[in-house]
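Heads up, the thing below is written out as structure tokens.
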Amino acid sequence: MRTDTLTVVEARGTAKPAQGRLKASFWLSVTLLVSVCAMRAVPFTGLALHDWLGLALGGMVFTHLLFSRSWIAAVSRRLFTAQSARTRINYLLNLSLFAAVTAAVYSGILISRHAIPALAGTKPPWDMDWRWHSIHARFALAAIILSGFHLAINWEWVLAAGQKVFRRVPGKEWV
Amino acid sequence: MKLVRVLSRLALLSLAAAAFVGLTKIYGDSARPPLLYPGFPAKFRHPPPAPRASEFTELVRYSIAFAIFAVGGRLAFRLRLNPASPSEGQPILLGLHRGRQDFQP
């Protein structure tokens, strides 16, 4: 196994998380990946599913961040001191992705025609707020681009976690 | 105790999200409404409420776009962030210092 794979996998948690947690984290990441792509294909999913999936995506991102809390805490403490360029870029990329997703979800809530009116028990707005619609589209596009980069920079973790989830390798304790 | 820790982390995340929401609101309030040109596709202007299987190509399109960014990012990060390999910059040993007895025709 490559050294950078070990580093990435180790950085995800200081203690030894359970196998179940790794599986949950892996499948959550896969679901997030599919959801991010599906969120952009509104004519395919339809507006109602898009609305509900957007709200669910916000929850999934929070859970994803909770799974990575050790890494976030460790890097946040030492961001400007003893960190490699890769770790710093990864951190800033993740922060930008979080900002883009938050902005996309928030603007999506503002222009929601199905999920939010159903939850609030109100009627959907008569006309679309094109200003917030445009902002929503911009941040959603930024989110898909940054998600691609996020996958790219964490590719070693995905490979290592995928091997662990799909194939049991005896004697290899990666996490 | 564990629940308290999870809740405190959730509160911290919510606080960070609230900060970004505030920034988005400031940006949104200052942004101009876009000019919708007539050629803007109707399926994006008024998307259907229910899923449409015939629009599956949209999902494929965005999946390909995602894959392009992922592969592009992978190439860029590999080129820029990975340390130089240990063999890089090392002299190539040709073995010329060895005697002619090593030569076996």
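Residues are referred to by chain and number: the chain letter is A, B, ... according to the order shown in the structure tokens, the number counts from 1 in that chain, and ligands are numbered separately from 1 in the order shown.
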Self-check item: Close residues, stretch 25-35 of chain B itself excluded, 9 Å, only C-alpha atoms, min 6 positions apart in chain, as a ChimeraX atom specification
Solution: /A:103,106-107,129-132,134-135
Quiz prompt | Expected answer as an MDAnalysis selection string: chain A residues within 8 Å of chain B, only C-alpha atoms | solution = chainID A and resid 37:38 40:49 62 66 85:86 98:99 102:103 106 130:132 134:135 144:145 147:153 155
Residues of the last selection are to be written out with N, CA and C atoms, as a tab-separated table (two decimals), in the first residue's frame.
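Final output, result_10.tsv:
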chain	number	residue	atom	x	y	z
A	37	CYS	N	-24.63	14.75	-8.54
A	37	CYS	CA	-24.87	14.67	-9.99
A	37	CYS	C	-26.37	14.76	-10.28
A	38	ALA	N	-27.17	14.05	-9.48
A	38	ALA	CA	-28.62	14.03	-9.72
A	38	ALA	C	-29.25	15.40	-9.46
A	40	ARG	N	-28.17	18.25	-10.21
A	40	ARG	CA	-28.03	19.16	-11.35
A	40	ARG	C	-29.00	18.80	-12.48
A	41	ALA	N	-29.37	17.52	-12.53
A	41	ALA	CA	-30.24	17.05	-13.62
A	41	ALA	C	-31.71	17.25	-13.24
A	42	VAL	N	-32.12	18.50	-13.09
A	42	VAL	CA	-33.50	18.79	-12.63
A	42	VAL	C	-34.56	18.28	-13.61
A	43	PRO	N	-34.38	18.42	-14.93
A	43	PRO	CA	-35.42	17.88	-15.83
A	43	PRO	C	-35.60	16.37	-15.65
A	44	PHE	N	-34.54	15.66	-15.23
A	44	PHE	CA	-34.64	14.22	-15.03
A	44	PHE	C	-35.33	13.89	-13.70
A	45	THR	N	-34.87	14.53	-12.62
A	45	THR	CA	-35.42	14.19	-11.29
A	45	THR	C	-36.81	14.80	-11.06
A	46	GLY	N	-37.06	15.91	-11.74
A	46	GLY	CA	-38.30	16.65	-11.46
A	46	GLY	C	-38.06	17.59	-10.30
A	47	LEU	N	-38.85	18.65	-10.23
A	47	LEU	CA	-38.61	19.70	-9.24
A	47	LEU	C	-38.91	19.23	-7.81
A	48	ALA	N	-39.93	18.40	-7.65
A	48	ALA	CA	-40.31	17.97	-6.30
A	48	ALA	C	-39.19	17.13	-5.67
A	49	LEU	N	-38.70	16.15	-6.43
A	49	LEU	CA	-37.62	15.29	-5.92
A	49	LEU	C	-36.35	16.12	-5.71
A	62	PHE	N	-23.77	17.35	6.57
A	62	PHE	CA	-23.51	17.49	8.01
A	62	PHE	C	-22.98	16.18	8.59
A	66	LEU	N	-19.41	15.23	10.24
A	66	LEU	CA	-19.29	14.64	11.58
A	66	LEU	C	-18.39	13.40	11.55
A	85	ALA	N	1.47	21.26	2.05
A	85	ALA	CA	0.69	22.06	1.08
A	85	ALA	C	-0.57	21.30	0.69
A	86	ARG	N	-0.44	19.99	0.55
A	86	ARG	CA	-1.58	19.16	0.16
A	86	ARG	C	-2.70	19.26	1.20
A	98	PHE	N	-17.98	23.37	1.39
A	98	PHE	CA	-19.01	23.53	2.43
A	98	PHE	C	-19.76	24.85	2.22
A	99	ALA	N	-19.01	25.91	1.92
A	99	ALA	CA	-19.63	27.22	1.67
A	99	ALA	C	-20.55	27.16	0.46
A	102	THR	N	-23.67	25.07	1.28
A	102	THR	CA	-24.55	25.84	2.18
A	102	THR	C	-25.30	26.91	1.41
A	103	ALA	N	-24.58	27.63	0.56
A	103	ALA	CA	-25.21	28.69	-0.23
A	103	ALA	C	-26.24	28.12	-1.20
A	106	TYR	N	-29.28	26.98	0.88
A	106	TYR	CA	-30.02	28.15	1.38
A	106	TYR	C	-30.82	28.83	0.25
A	130	TRP	N	-36.15	35.02	-9.87
A	130	TRP	CA	-35.06	34.67	-10.79
A	130	TRP	C	-33.70	35.08	-10.28
A	131	ARG	N	-33.64	36.08	-9.41
A	131	ARG	CA	-32.34	36.49	-8.85
A	131	ARG	C	-31.76	35.35	-8.01
A	132	TRP	N	-32.59	34.83	-7.07
A	132	TRP	CA	-32.11	33.74	-6.23
A	132	TRP	C	-31.97	32.44	-7.02
A	134	SER	N	-30.86	32.30	-10.07
A	134	SER	CA	-29.57	32.43	-10.74
A	134	SER	C	-28.42	32.17	-9.75
A	135	ILE	N	-28.57	32.71	-8.53
A	135	ILE	CA	-27.54	32.49	-7.50
A	135	ILE	C	-27.47	31.00	-7.14
A	144	ILE	N	-20.60	21.34	-7.72
A	144	ILE	CA	-20.28	20.14	-8.50
A	144	ILE	C	-18.81	20.15	-8.93
A	145	ILE	N	-18.29	21.33	-9.26
A	145	ILE	CA	-16.87	21.44	-9.64
A	145	ILE	C	-15.99	21.10	-8.43
A	147	SER	N	-16.82	19.44	-5.81
A	147	SER	CA	-16.99	18.03	-5.42
A	147	SER	C	-16.05	17.14	-6.25
A	148	GLY	N	-15.92	17.47	-7.53
A	148	GLY	CA	-14.99	16.73	-8.39
A	148	GLY	C	-13.57	16.83	-7.86
A	149	PHE	N	-13.16	18.04	-7.47
A	149	PHE	CA	-11.81	18.24	-6.92
A	149	PHE	C	-11.67	17.54	-5.56
A	150	HIS	N	-12.76	17.57	-4.78
A	150	HIS	CA	-12.76	16.92	-3.46
A	150	HIS	C	-12.53	15.42	-3.62
A	151	LEU	N	-13.20	14.84	-4.61
A	151	LEU	CA	-13.01	13.41	-4.89
A	151	LEU	C	-11.58	13.16	-5.35
A	152	ALA	N	-11.07	14.07	-6.17
A	152	ALA	CA	-9.72	13.90	-6.72
A	152	ALA	C	-8.66	13.90	-5.62
A	153	ILE	N	-8.78	14.84	-4.71
A	153	ILE	CA	-7.72	14.97	-3.68
A	153	ILE	C	-7.83	13.89	-2.62
A	155	TRP	N	-8.81	10.74	-3.36
A	155	TRP	CA	-8.94	9.51	-4.13
A	155	TRP	C	-8.29	8.32	-3.42
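Between atom CA of A:Leu97 and atom CA of A:Phe139 there is a distance of 9.6 Å.
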Exercise. Would you kindly return, as number ranges by chain, each protein, DNA or RNA residue with an atom no farther than 10 Å from any atom of A:Lys23, considering only C-alpha atoms and excluding same-chain residues fewer than 2 positions away?
Key: A: 18-21, 25-29, 161-162, 164-166
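Here atom CA of A:Thr63 and atom CA of A:Ala24 stand 10.1 Å from one another.
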Quiz prompt | Option closest in space to A:Ser35, from A:Val158, A:Leu141, A:Ile72, A:Leu57 [counting only C-alpha atoms] | solution = A:Leu57
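Put simply, atom CA of A:Met128 is 21.6 Å away from atom CA of A:Ala142.
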Quiz prompt | Close residues, stretch 122-126 of chain A itself excluded, 12 Å, only C-alpha atoms, min 5 positions apart in chain, as a PyMOL selection string | solution = chain A and resi 48+109-117
